[in-house]
Structure formats: structure tokens, C-alpha cells
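Content type PDB, C-alpha atoms, from the file query.pdb:
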MODEL        1
ATOM      1  CA  MET Z 141      42.426 117.306-154.209
ATOM      2  CA  THR Z 142      45.327 115.163-153.047
ATOM      3  CA  VAL Z 143      48.935 116.292-152.705
ATOM      4  CA  ALA Z 144      49.798 114.093-155.685
ATOM      5  CA  GLU Z 145      47.194 115.862-157.833
ATOM      6  CA  PHE Z 146      48.575 119.229-156.754
ATOM      7  CA  GLU Z 147      52.094 118.137-157.691
ATOM      8  CA  GLU Z 148      50.850 117.371-161.197
ATOM      9  CA  LEU Z 149      49.706 120.987-161.492
ATOM     10  CA  ARG Z 150      52.821 122.464-159.872
ATOM     11  CA  PRO Z 151      54.775 122.876-163.164
ATOM     12  CA  LEU Z 152      51.936 124.885-164.707
ATOM     13  CA  LEU Z 153      51.544 127.069-161.614
ATOM     14  CA  PHE Z 154      55.293 127.666-161.415
ATOM     15  CA  SER Z 155      55.430 128.521-165.137
ATOM     16  CA  ILE Z 156      52.766 131.200-164.682
ATOM     17  CA  ALA Z 157      54.293 132.625-161.491
ATOM     18  CA  TYR Z 158      57.860 132.717-162.801
ATOM     19  CA  ARG Z 159      56.903 134.590-165.954
ATOM     20  CA  ILE Z 160      55.005 137.167-163.898
ATOM     21  CA  LEU Z 161      57.692 137.537-161.211
ATOM     22  CA  GLY Z 162      61.008 136.779-162.890
ATOM     23  CA  SER Z 163      62.136 135.136-159.651
ATOM     24  CA  VAL Z 164      62.504 131.418-158.977
ATOM     25  CA  SER Z 165      62.265 131.780-155.195
ATOM     26  CA  GLU Z 166      59.246 134.100-155.309
ATOM     27  CA  ALA Z 167      57.520 131.868-157.864
ATOM     28  CA  GLU Z 168      58.035 128.816-155.660
ATOM     29  CA  ASP Z 169      56.627 130.743-152.691
ATOM     30  CA  ALA Z 170      53.610 131.818-154.760
ATOM     31  CA  VAL Z 171      52.918 128.205-155.742
ATOM     32  CA  GLN Z 172      53.128 127.079-152.122
ATOM     33  CA  GLU Z 173      50.837 129.910-151.056
ATOM     34  CA  SER Z 174      48.297 128.833-153.681
ATOM     35  CA  TRP Z 175      48.237 125.345-152.143
ATOM     36  CA  LEU Z 176      47.732 126.750-148.642
ATOM     37  CA  ARG Z 177      44.895 128.997-149.807
ATOM     38  CA  TYR Z 178      43.277 126.110-151.654
ATOM     39  CA  GLN Z 179      43.353 123.995-148.499
ATOM     40  CA  ALA Z 180      41.854 126.831-146.447
ATOM     41  CA  SER Z 181      39.086 127.522-148.968
ATOM     42  CA  ALA Z 182      35.560 126.320-148.365
ATOM     43  CA  THR Z 183      34.860 126.501-152.096
ATOM     44  CA  ALA Z 184      34.550 123.319-154.131
ATOM     45  CA  PRO Z 185      35.780 124.504-157.549
ATOM     46  CA  VAL Z 186      34.518 122.973-160.767
ATOM     47  CA  SER Z 187      38.105 123.009-162.060
ATOM     48  CA  THR Z 188      40.969 122.822-159.571
ATOM     49  CA  LYS Z 189      43.375 123.772-162.363
ATOM     50  CA  ALA Z 190      41.507 126.996-163.102
ATOM     51  CA  PHE Z 191      41.041 127.714-159.400
ATOM     52  CA  LEU Z 192      44.734 127.281-158.579
ATOM     53  CA  SER Z 193      45.801 129.209-161.689
ATOM     54  CA  ALA Z 194      43.679 132.106-160.478
ATOM     55  CA  ILE Z 195      45.134 131.976-156.972
ATOM     56  CA  VAL Z 196      48.762 131.804-158.094
ATOM     57  CA  THR Z 197      48.212 134.680-160.527
ATOM     58  CA  ARG Z 198      46.658 136.891-157.839
ATOM     59  CA  VAL Z 199      49.421 136.052-155.367
ATOM     60  CA  SER Z 200      52.039 136.813-158.011
ATOM     61  CA  ILE Z 201      50.456 140.182-158.811
ATOM     62  CA  ASP Z 202      50.558 141.145-155.116
ATOM     63  CA  VAL Z 203      54.186 140.038-154.794
ATOM     64  CA  LEU Z 204      55.188 141.911-157.946
ATOM     65  CA  ARG Z 205      53.632 145.114-156.669
ATOM     66  CA  SER Z 206      55.810 145.003-153.547
ATOM     67  CA  ALA Z 207      58.849 143.864-155.540
ATOM     68  CA  ARG Z 208      58.666 146.952-157.769
ATOM     69  CA  VAL Z 209      59.812 149.138-154.879
ATOM     70  CA  ARG Z 210      62.814 146.877-154.206
ATOM     71  CA  ARG Z 211      63.783 146.820-157.872
ATOM     72  CA  GLU Z 212      63.716 150.609-158.097
ATOM     73  CA  ARG Z 213      66.377 150.668-155.348
ATOM     74  CA  TYR Z 214      68.383 147.807-156.822
ATOM     75  CA  VAL Z 215      72.134 148.368-157.154
ATOM     76  CA  GLY Z 216      73.194 148.076-160.790
ATOM     77  CA  GLN Z 217      71.529 146.134-163.565
ATOM     78  CA  TRP Z 218      68.572 143.962-162.496
ATOM     79  CA  LEU Z 219      68.221 140.599-164.223
ATOM     80  CA  PRO Z 220      65.716 137.790-163.573
ATOM     81  CA  GLU Z 221      66.766 134.868-161.405
ATOM     82  CA  PRO Z 222      68.226 132.288-163.803
ATOM     83  CA  LEU Z 223      66.112 129.210-164.433
ATOM     84  CA  LEU Z 224      67.755 126.030-165.682
ATOM     85  CA  THR Z 225      65.449 124.674-168.369
ATOM     86  CA  ASP Z 226      67.350 121.555-169.434
ATOM     87  CA  GLY Z 227      64.842 118.978-170.595
ATOM     88  CA  GLY Z 228      62.011 121.536-170.516
ATOM     89  CA  ALA Z 229      62.053 122.149-166.762
ATOM     90  CA  GLY Z 230      60.221 125.337-165.961
ATOM     91  CA  LEU Z 231      58.360 125.142-169.275
ATOM     92  CA  ALA Z 232      56.216 122.182-168.284
ATOM     93  CA  GLY Z 233      52.528 122.783-167.975
ATOM     94  CA  ALA Z 234      52.640 125.226-170.824
ATOM     95  CA  ASP Z 235      50.146 123.139-172.734
ATOM     96  CA  ALA Z 236      47.783 123.125-169.786
ATOM     97  CA  GLY Z 237      46.077 126.443-170.400
ATOM     98  CA  PRO Z 238      42.559 126.206-171.806
ATOM     99  CA  GLY Z 239      42.805 125.886-175.553
ATOM    100  CA  ALA Z 240      46.608 126.089-175.578
ATOM    101  CA  PRO Z 241      48.322 123.888-178.136
ATOM    102  CA  ALA Z 242      50.423 121.110-176.643
ATOM    103  CA  ALA Z 243      54.145 121.787-176.443
ATOM    104  CA  TYR Z 244      55.074 118.119-176.394
ATOM    105  CA  GLY Z 245      55.747 116.907-179.921
ATOM    106  CA  ASN Z 246      55.179 120.432-181.255
ATOM    107  CA  PRO Z 247      58.564 122.052-182.012
ATOM    108  CA  GLU Z 248      57.114 125.464-182.897
ATOM    109  CA  ARG Z 249      55.113 125.637-179.683
ATOM    110  CA  ALA Z 250      58.100 124.468-177.655
ATOM    111  CA  ALA Z 251      60.249 127.204-179.228
ATOM    112  CA  GLU Z 252      57.613 129.844-178.422
ATOM    113  CA  LEU Z 253      57.521 128.734-174.799
ATOM    114  CA  ALA Z 254      61.308 128.759-174.525
ATOM    115  CA  ASP Z 255      61.442 132.275-175.981
ATOM    116  CA  SER Z 256      58.723 133.496-173.598
ATOM    117  CA  VAL Z 257      60.818 132.554-170.561
ATOM    118  CA  SER Z 258      64.066 134.030-171.929
ATOM    119  CA  MET Z 259      65.728 136.787-169.924
ATOM    120  CA  ALA Z 260      65.226 139.175-172.843
ATOM    121  CA  ALA Z 261      61.478 138.503-172.796
ATOM    122  CA  LEU Z 262      61.222 138.784-169.015
ATOM    123  CA  LEU Z 263      63.062 142.120-169.108
ATOM    124  CA  LEU Z 264      60.563 143.425-171.652
ATOM    125  CA  LEU Z 265      57.745 142.391-169.321
ATOM    126  CA  GLU Z 266      59.281 144.663-166.669
ATOM    127  CA  ARG Z 267      57.835 147.583-168.643
ATOM    128  CA  LEU Z 268      54.317 146.463-167.786
ATOM    129  CA  SER Z 269      52.184 147.017-164.726
ATOM    130  CA  PRO Z 270      51.581 143.877-162.631
ATOM    131  CA  VAL Z 271      48.064 143.386-164.020
ATOM    132  CA  GLU Z 272      49.177 144.031-167.609
ATOM    133  CA  ARG Z 273      51.939 141.495-167.140
ATOM    134  CA  ALA Z 274      49.551 138.875-165.775
ATOM    135  CA  VAL Z 275      47.057 139.419-168.601
ATOM    136  CA  PHE Z 276      49.781 139.205-171.237
ATOM    137  CA  VAL Z 277      51.279 136.025-169.758
ATOM    138  CA  LEU Z 278      47.941 134.263-169.346
ATOM    139  CA  HIS Z 279      46.673 135.159-172.818
ATOM    140  CA  ASP Z 280      49.701 135.320-175.100
ATOM    141  CA  VAL Z 281      51.704 132.513-173.485
ATOM    142  CA  PHE Z 282      49.102 130.160-171.989
ATOM    143  CA  ALA Z 283      46.143 130.918-174.277
ATOM    144  CA  TYR Z 284      43.593 131.631-171.550
ATOM    145  CA  SER Z 285      40.553 133.450-172.923
ATOM    146  CA  TYR Z 286      39.910 137.068-171.986
ATOM    147  CA  ALA Z 287      36.743 135.996-170.199
ATOM    148  CA  GLU Z 288      38.717 133.553-168.037
ATOM    149  CA  ILE Z 289      41.441 136.110-167.392
ATOM    150  CA  GLY Z 290      38.850 138.674-166.380
ATOM    151  CA  GLN Z 291      37.612 136.371-163.627
ATOM    152  CA  ILE Z 292      41.188 135.883-162.434
ATOM    153  CA  VAL Z 293      42.312 139.539-162.321
ATOM    154  CA  GLY Z 294      38.945 141.125-161.502
ATOM    155  CA  GLU Z 295      38.460 142.955-164.805
ATOM    156  CA  THR Z 296      35.855 142.781-167.545
ATOM    157  CA  GLU Z 297      36.586 140.858-170.721
ATOM    158  CA  VAL Z 298      36.706 144.151-172.638
ATOM    159  CA  ASN Z 299      39.188 145.647-170.178
ATOM    160  CA  CYS Z 300      41.387 142.562-170.430
ATOM    161  CA  ARG Z 301      41.521 142.957-174.192
ATOM    162  CA  GLN Z 302      42.577 146.577-173.732
ATOM    163  CA  LEU Z 303      45.181 145.618-171.119
ATOM    164  CA  ALA Z 304      46.681 143.034-173.483
ATOM    165  CA  LEU Z 305      46.714 145.528-176.360
ATOM    166  CA  ARG Z 306      48.377 148.151-174.169
ATOM    167  CA  ALA Z 307      50.928 145.590-172.978
ATOM    168  CA  ARG Z 308      51.903 144.725-176.539
ATOM    169  CA  LYS Z 309      52.251 148.409-177.439
ATOM    170  CA  ARG Z 310      54.414 149.098-174.382
ATOM    171  CA  MET Z 311      56.668 146.217-175.331
ATOM    172  CA  GLY Z 312      56.870 147.636-178.834
ATOM    173  CA  ASP Z 313      58.666 145.845-181.618
ATOM    174  CA  GLU Z 314      61.471 144.657-179.367
ATOM    175  CA  ARG Z 315      60.258 141.141-178.718
ATOM    176  CA  PRO Z 316      63.344 138.960-178.726
ATOM    177  CA  ARG Z 317      64.247 136.795-181.701
ATOM    178  CA  PHE Z 318      66.627 133.871-181.493
ATOM    179  CA  ASP Z 319      68.131 131.429-183.968
ATOM    180  CA  ALA Z 320      65.612 128.686-184.583
ATOM    181  CA  ASP Z 321      68.181 125.944-185.179
ATOM    182  CA  ARG Z 322      68.906 124.870-181.624
ATOM    183  CA  ARG Z 323      71.676 122.497-182.653
ATOM    184  CA  GLU Z 324      73.649 125.257-184.393
ATOM    185  CA  ARG Z 325      72.951 127.656-181.544
ATOM    186  CA  ASP Z 326      74.180 125.183-178.942
ATOM    187  CA  GLU Z 327      77.275 124.389-181.023
ATOM    188  CA  LEU Z 328      78.126 128.095-181.170
ATOM    189  CA  ALA Z 329      77.642 128.393-177.412
ATOM    190  CA  GLY Z 330      79.992 125.455-176.871
ATOM    191  CA  ARG Z 331      82.652 127.185-178.948
ATOM    192  CA  PHE Z 332      82.142 130.368-176.935
ATOM    193  CA  PHE Z 333      82.645 128.702-173.560
ATOM    194  CA  ASP Z 334      85.649 126.756-174.876
ATOM    195  CA  ALA Z 335      87.240 129.990-176.116
ATOM    196  CA  LEU Z 336      86.448 131.680-172.802
ATOM    197  CA  THR Z 337      88.140 129.001-170.704
ATOM    198  CA  GLU Z 338      91.144 129.031-173.049
ATOM    199  CA  GLY Z 339      91.427 132.820-172.961
ATOM    200  CA  ASP Z 340      91.220 132.833-176.777
ATOM    201  CA  VAL Z 341      90.560 136.436-177.867
ATOM    202  CA  ASP Z 342      90.397 135.657-181.592
ATOM    203  CA  GLY Z 343      88.172 132.645-181.005
ATOM    204  CA  LEU Z 344      85.757 134.785-179.004
ATOM    205  CA  ARG Z 345      85.800 137.589-181.550
ATOM    206  CA  GLU Z 346      84.682 135.199-184.300
ATOM    207  CA  LEU Z 347      81.512 134.374-182.378
ATOM    208  CA  LEU Z 348      80.380 137.832-181.295
ATOM    209  CA  ALA Z 349      78.162 140.331-183.081
ATOM    210  CA  ALA Z 350      79.844 143.667-183.781
ATOM    211  CA  ASP Z 351      77.588 145.420-181.264
ATOM    212  CA  VAL Z 352      77.367 142.580-178.711
ATOM    213  CA  GLN Z 353      76.266 143.710-175.248
ATOM    214  CA  VAL Z 354      77.173 142.263-171.841
ATOM    215  CA  TYR Z 355      74.995 142.773-168.762
ATOM    216  CA  GLY Z 356      76.045 141.864-165.242
ATOM    217  CA  ASP Z 357      73.828 141.551-162.160
ATOM    218  CA  GLY Z 358      75.674 141.548-158.850
ATOM    219  CA  GLY Z 359      73.127 143.558-156.884
ATOM    220  CA  GLY Z 360      75.977 145.253-155.025
ATOM    221  CA  LYS Z 361      76.745 141.927-153.331
ATOM    222  CA  ALA Z 362      79.345 140.526-155.739
ATOM    223  CA  PRO Z 363      81.849 141.795-158.328
ATOM    224  CA  GLN Z 364      80.005 143.120-161.358
ATOM    225  CA  TRP Z 365      80.369 145.347-164.360
ATOM    226  CA  THR Z 366      79.161 148.809-163.387
ATOM    227  CA  ARG Z 367      77.664 149.422-166.805
ATOM    228  CA  VAL Z 368      76.753 147.561-169.980
ATOM    229  CA  VAL Z 369      79.866 146.511-171.927
ATOM    230  CA  VAL Z 370      79.407 146.975-175.689
ATOM    231  CA  GLY Z 371      81.438 145.977-178.731
ATOM    232  CA  MET Z 372      83.089 142.867-180.150
ATOM    233  CA  ASP Z 373      86.712 143.740-179.354
ATOM    234  CA  LYS Z 374      86.050 145.016-175.862
ATOM    235  CA  VAL Z 375      83.910 142.007-174.932
ATOM    236  CA  ALA Z 376      86.338 139.481-176.455
ATOM    237  CA  ARG Z 377      89.284 140.926-174.533
ATOM    238  CA  MET Z 378      87.277 141.097-171.318
ATOM    239  CA  PHE Z 379      86.137 137.461-171.416
ATOM    240  CA  ALA Z 380      89.533 136.195-172.547
ATOM    241  CA  GLY Z 381      91.082 137.928-169.548
ATOM    242  CA  LEU Z 382      88.501 136.456-167.210
ATOM    243  CA  GLY Z 383      89.029 132.989-168.612
ATOM    244  CA  SER Z 384      92.784 133.209-168.219
ATOM    245  CA  ARG Z 385      92.523 134.315-164.588
ATOM    246  CA  PHE Z 386      89.726 131.936-163.589
ATOM    247  CA  GLY Z 387      91.531 128.935-165.029
ATOM    248  CA  GLY Z 388      94.171 129.265-162.344
ATOM    249  CA  ALA Z 389      91.488 129.615-159.664
ATOM    250  CA  GLY Z 390      89.925 126.265-160.567
ATOM    251  CA  VAL Z 391      86.706 127.627-162.102
ATOM    252  CA  SER Z 392      84.746 125.117-164.176
ATOM    253  CA  VAL Z 393      82.068 125.772-166.798
ATOM    254  CA  GLU Z 394      78.979 123.546-166.597
ATOM    255  CA  ARG Z 395      76.891 123.847-169.757
ATOM    256  CA  HIS Z 396      73.120 124.209-169.364
ATOM    257  CA  GLU Z 397      70.089 125.574-171.110
ATOM    258  CA  VAL Z 398      69.192 128.687-169.106
ATOM    259  CA  ASN Z 399      65.804 130.351-169.520
ATOM    260  CA  GLY Z 400      65.334 128.457-172.755
ATOM    261  CA  GLN Z 401      68.627 129.716-174.218
ATOM    262  CA  PRO Z 402      72.200 128.361-174.271
ATOM    263  CA  GLY Z 403      74.161 129.148-171.131
ATOM    264  CA  ALA Z 404      76.327 127.826-168.366
ATOM    265  CA  VAL Z 405      76.801 127.682-164.621
ATOM    266  CA  LEU Z 406      80.300 128.616-163.459
ATOM    267  CA  ARG Z 407      81.462 126.800-160.344
ATOM    268  CA  ASP Z 408      84.513 127.012-158.093
ATOM    269  CA  ARG Z 409      86.773 124.056-157.324
ATOM    270  CA  GLU Z 410      84.411 123.035-154.503
ATOM    271  CA  GLY Z 411      81.446 122.882-156.875
ATOM    272  CA  ARG Z 412      79.817 126.012-155.491
ATOM    273  CA  THR Z 413      77.930 128.301-157.875
ATOM    274  CA  ILE Z 414      79.778 131.484-158.851
ATOM    275  CA  ASN Z 415      77.473 132.849-161.507
ATOM    276  CA  VAL Z 416      75.206 131.922-164.412
ATOM    277  CA  MET Z 417      75.682 133.124-167.984
ATOM    278  CA  VAL Z 418      73.087 133.030-170.731
ATOM    279  CA  LEU Z 419      73.600 133.864-174.408
ATOM    280  CA  ASP Z 420      71.244 135.424-176.956
ATOM    281  CA  VAL Z 421      72.115 134.030-180.391
ATOM    282  CA  LEU Z 422      70.771 135.439-183.655
ATOM    283  CA  ASP Z 423      72.044 135.194-187.244
ATOM    284  CA  GLY Z 424      74.857 132.916-186.145
ATOM    285  CA  ARG Z 425      76.347 135.432-183.723
ATOM    286  CA  ILE Z 426      76.098 136.120-180.010
ATOM    287  CA  GLN Z 427      74.096 139.318-179.638
ATOM    288  CA  ALA Z 428      73.965 139.594-175.841
ATOM    289  CA  ILE Z 429      75.496 137.929-172.787
ATOM    290  CA  ARG Z 430      73.849 138.160-169.375
ATOM    291  CA  SER Z 431      75.669 137.194-166.205
ATOM    292  CA  VAL Z 432      73.898 136.770-162.863
ATOM    293  CA  ILE Z 433      76.384 136.750-159.965
ATOM    294  CA  ASN Z 434      74.205 138.165-157.168
ATOM    295  CA  PRO Z 435      74.345 135.382-154.537
ATOM    296  CA  ASP Z 436      70.735 136.054-153.535
ATOM    297  CA  LYS Z 437      69.641 134.860-156.995
ATOM    298  CA  LEU Z 438      71.711 131.681-157.096
ATOM    299  CA  GLY Z 439      70.756 129.809-153.913
ATOM    300  CA  HIS Z 440      68.247 127.561-155.713
ATOM    301  CA  LEU Z 441      71.190 126.093-157.669
ATOM    302  CA  GLY Z 442      73.003 124.833-154.570
ATOM    303  CA  PRO Z 443      75.775 126.252-152.367
ATOM    304  CA  VAL Z 444      76.998 129.653-153.545
ATOM    305  CA  ALA Z 445      80.656 130.639-153.797
ATOM    306  CA  ASP Z 446      82.207 133.773-152.296
ATOM    307  CA  ALA Z 447      82.706 135.704-155.531
ATOM    308  CA  TRP Z 448      84.725 138.438-153.819
ATOM    309  CA  ALA Z 449      87.227 135.900-152.466
ATOM    310  CA  LEU Z 450      87.411 134.205-155.853
ATOM    311  CA  ALA Z 451      88.100 137.534-157.568
ATOM    312  CA  ARG Z 452      90.975 138.204-155.168
ATOM    313  CA  GLU Z 453      92.338 134.699-155.741
ATOM    314  CA  SER Z 454      92.112 135.014-159.526
ATOM    315  CA  ARG Z 455      93.991 138.318-159.452
ATOM    316  CA  THR Z 456      96.701 136.703-157.343
ATOM    317  CA  GLU Z 457      96.930 133.726-159.697
ATOM    318  CA  GLY Z 458      96.979 136.069-162.692
TER     319      GLY Z 458
ENDMDL
END
This structure in C-alpha cells:
Amino acid sequence: MTVAEFEELRPLLFSIAYRILGSVSEAEDAVQESWLRYQASATAPVSTKAFLSAIVTRVSIDVLRSARVRRERYVGQWLPEPLLTDGGAGLAGADAGPGAPAAYGNPERAAELADSVSMAALLLLERLSPVERAVFVLHDVFAYSYAEIGQIVGETEVNCRQLALRARKRMGDERPRFDADRRERDELAGRFFDALTEGDVDGLRELLAADVQVYGDGGGKAPQWTRVVVGMDKVARMFAGLGSRFGGAGVSVERHEVNGQPGAVLRDREGRTINVMVLDVLDGRIQAIRSVINPDKLGHLGPVADAWALARESRTEG
């Protein structure tokens, strides 16, 4: 297999690894490791796609097992590394699983794939063991058969069925739902970020669900909310205050689709990444807001700002 042929498969391999790991950097490393192992292998596989899918899944399982210990010691709320999915990036290759319906030209399939990479979905997957997570991702997202998955994870077909069933039960009935009309959802998100930058409390309040929740991930390395912030009034006042202070500090809001949902990258006046916000929208209201400000999770988006210095500057300006 040539490098060019491997690059064609890279989106699929990354899509699998990211859903298992919830980390852009670790997923990219897993994909690279799969290429190195393929080159070192003396095996001539019948299907390079299946062979590489198996390798990247096994590597991801091993990485996730070691990552569990780090996450148990994590300071504050843990969120996945944000993935910018504008134009379908990060979702490509989703139609490449055996028997999987094509996403391209299939709006329902595309929506399913976007939902499966959402932060809400990835957080639900955190409930699963590494093998359960891999089985669920390969079967329910990429439509691999249980027989194929069994060869990948080293389990029988029957055991894989049981692992998938157990995974669904552990996730319960909490699978995320989002507004299907992407145009309306994106329009609402635009109004939210406009109201935020203007410090418009009433404008924000109109867009939020009564029990809206805000999660912040700073990992102890950046300013963050110490606990989940809940409630329309509290959240509206908090974001209006942030918008008023950040405006003076030269913070700009760059709209993006993040993990298949509406969001934005906030940047300082030098264009460095401060944090990434992503919105969960259902029934015409924002149900949850997740903010990743841990600098270790933002490096793949370019230079990262000093959030502590910015916070001091914004307080001075305010």
C-alpha cells in the first residue's frame, strides 16, 4: 500500500480512533501508529481497510486503558478534545465500514454521524469499558458485523453481541437528541454568540432552556467554573458579564461547527485560541453549553492564548 492509499483511509481511521478516545491528539497518534505497524507487518492482508481498522481499534483500546487512570485524577470536569467538523471534517470515512450506508447525499445518515461525535455522546461512552466502547463504535456507528468486530477485539461473535447489548444498557436512555433542522439551530447559535459579545442578558435569556447547564474544562491549567452552572438566569448573567469584560480585552468569536454541533472558537487579539464552546440545542432552546479552555486540549487548533493573563486583563478592563 502506498502513502497515498493510506491517506485515503486516514479519515476513516481517525473517525474510529477519535470516537473511542475522545482526544484529537491521541487519535492522530493512534492512526500514525497503525501505519507504522502496517509497514512492519509481514502479513499481506486481503483488505488493507479492514486490517488498518483492526490495528487502529486495538491501539485505541490500549491507549484508553492507560488514559482511564489519568482521567480519574483529572482536575475538574473532563470534556473531550474539541473537534472542528466544518464541512464534515472528522466525520469522513463514516460510510466506509462494511455495509454502512453512505453519509454523502444521505441527510439522515449524516445527522446520525454528527450526533455520534457530539460531546454529549462521547461523554456517555465514558461509562463503558474500553472494549465495550470499541464494540459499540464499530457496530452502532460504522456498521461492522459482530463477526468482524470479534476478529478485531479478540472476542467471539456471541460475546460481541453481549458487549454491545451491555454497552447500550449502561448508556441507558440518555442518548443525546438535537434539533434536526440545522439551519434553525445554527441561526439560534448565531443569536447566542451575538448576545454574548454584546453582554445582552435579556437576549441570552430568550435562547436558554430553563434548566440549561454549563460545563467548563480547564484541567486545573486555566480559569474554569469549579462546578456545573445551572439555570437560565444564572447562565445568562454569567455569559453577559463575560462578554462585557472580554470585549474590552479584544476577544473575538469565530463561529464553527464543533463535534457536529454549533459552536465557536474564542481567540485573543493576536488570534490565539482561548477556548472552544459547543452548544446542545433541542426544542428551539440551548440545553447545554460546554467550554474547553484547558490549553493541553487546544494545541491542534493553533497557538494557544494565556487564559490566566487574559482573565487578569479582562478584570482590569472591566
Test item: residues at most 7 Å from segment 272-274 of chain Z, only C-alpha atoms, excluding those fewer than 5 positions along its chain, as a PyMOL selection string: chain Z and resi 160+197+265+303-304+307
Picked residues, the PyMOL selection byres ((chain Z and resi 350-363) around 8), as number ranges by chain: Z: 214-219, 348-349, 364-372, 375, 426-435, 447-448, 451
Using only C-alpha atoms, please write the residues we just selected to a file, as a PDB file, keeping the file's coordinate frame.
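Result written to selection_2.pdb:
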ATOM      1  CA  TYR Z 214      68.383 147.807-156.822  1.00  0.00           C
ATOM      2  CA  VAL Z 215      72.134 148.368-157.154  1.00  0.00           C
ATOM      3  CA  GLY Z 216      73.194 148.076-160.790  1.00  0.00           C
ATOM      4  CA  GLN Z 217      71.529 146.134-163.565  1.00  0.00           C
ATOM      5  CA  TRP Z 218      68.572 143.962-162.496  1.00  0.00           C
ATOM      6  CA  LEU Z 219      68.221 140.599-164.223  1.00  0.00           C
ATOM      7  CA  LEU Z 348      80.380 137.832-181.295  1.00  0.00           C
ATOM      8  CA  ALA Z 349      78.162 140.331-183.081  1.00  0.00           C
ATOM      9  CA  GLN Z 364      80.005 143.120-161.358  1.00  0.00           C
ATOM     10  CA  TRP Z 365      80.369 145.347-164.360  1.00  0.00           C
ATOM     11  CA  THR Z 366      79.161 148.809-163.387  1.00  0.00           C
ATOM     12  CA  ARG Z 367      77.664 149.422-166.805  1.00  0.00           C
ATOM     13  CA  VAL Z 368      76.753 147.561-169.980  1.00  0.00           C
ATOM     14  CA  VAL Z 369      79.866 146.511-171.927  1.00  0.00           C
ATOM     15  CA  VAL Z 370      79.407 146.975-175.689  1.00  0.00           C
ATOM     16  CA  GLY Z 371      81.438 145.977-178.731  1.00  0.00           C
ATOM     17  CA  MET Z 372      83.089 142.867-180.150  1.00  0.00           C
ATOM     18  CA  VAL Z 375      83.910 142.007-174.932  1.00  0.00           C
ATOM     19  CA  ILE Z 426      76.098 136.120-180.010  1.00  0.00           C
ATOM     20  CA  GLN Z 427      74.096 139.318-179.638  1.00  0.00           C
ATOM     21  CA  ALA Z 428      73.965 139.594-175.841  1.00  0.00           C
ATOM     22  CA  ILE Z 429      75.496 137.929-172.787  1.00  0.00           C
ATOM     23  CA  ARG Z 430      73.849 138.160-169.375  1.00  0.00           C
ATOM     24  CA  SER Z 431      75.669 137.194-166.205  1.00  0.00           C
ATOM     25  CA  VAL Z 432      73.898 136.770-162.863  1.00  0.00           C
ATOM     26  CA  ILE Z 433      76.384 136.750-159.965  1.00  0.00           C
ATOM     27  CA  ASN Z 434      74.205 138.165-157.168  1.00  0.00           C
ATOM     28  CA  PRO Z 435      74.345 135.382-154.537  1.00  0.00           C
ATOM     29  CA  ALA Z 447      82.706 135.704-155.531  1.00  0.00           C
ATOM     30  CA  TRP Z 448      84.725 138.438-153.819  1.00  0.00           C
ATOM     31  CA  ALA Z 451      88.100 137.534-157.568  1.00  0.00           C
TER      32      ALA Z 451
END
Coordinates-based distance that separates atom CA of Ser174 of chain Z from atom CA of Phe191 of chain Z (Å, one decimal): 9.3 Å
Between segment 305-377 of chain Z and segment 412-421 of chain Z, at 7 Å or less, what are the per-residue closest atom pairs and their distances in Å? Count all atoms listed in the file, order by chain and rising residue number, and return it as CSV.
residue,atom,partner,partner_atom,distance
Z:Phe318,CA,Z:Val421,CA,5.6
Z:Asp319,CA,Z:Val421,CA,6.0
Z:Arg325,CA,Z:Val421,CA,6.5
Nearby residues (only C-alpha atoms) at most 6 Å from segment 337-345 of chain Z, same-chain spacing under 4 positions excluded, as a PyMOL selection string: chain Z and resi 376-377+380+383-384
Explicit residue set for the PyMOL selection byres ((chain Z and resi 399-411) around 7), as a count of residues only: 30
Near-Gly294 of chain Z list (12 Å; all atoms listed in the file; drop same-chain fewer than 3 positions) as a VMD selection string: chain Z and resid 194 to 195 197 to 198 201 271 274 to 275 286 to 291 297 to 300
For atom CA of Tyr178 of chain Z and atom CA of Phe276 of chain Z, the interatomic separation in Å (one decimal): 24.4 Å
Between atom CA of Ala320 of chain Z and atom CA of Leu253 of chain Z, distance in Å (one decimal):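 For atom CA of Ala320 of chain Z relative to atom CA of Leu253 of chain Z, the distance reads 12.7 Å.
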Residue nearest Glu166 of chain Z among Z:Glu346, Z:Glu327, Z:Glu314, Z:Asp436 (counting all atoms listed in the file): Z:Asp436
Residues selected by the PyMOL selection byres ((chain Z and resi 152-158) around 6), written as an MDAnalysis selection string: chainID Z and resid 149:151 159:163 167 200 230 233
Edge lengths and centre in Å, axis-aligned, segment 147-151 of chain Z plus 4 Å each side, as lines of an AutoDock Vina configuration file:
center_x = 52.2
center_y = 120.1
center_z = -160.4
size_x = 13.1
size_y = 13.5
size_z = 13.5
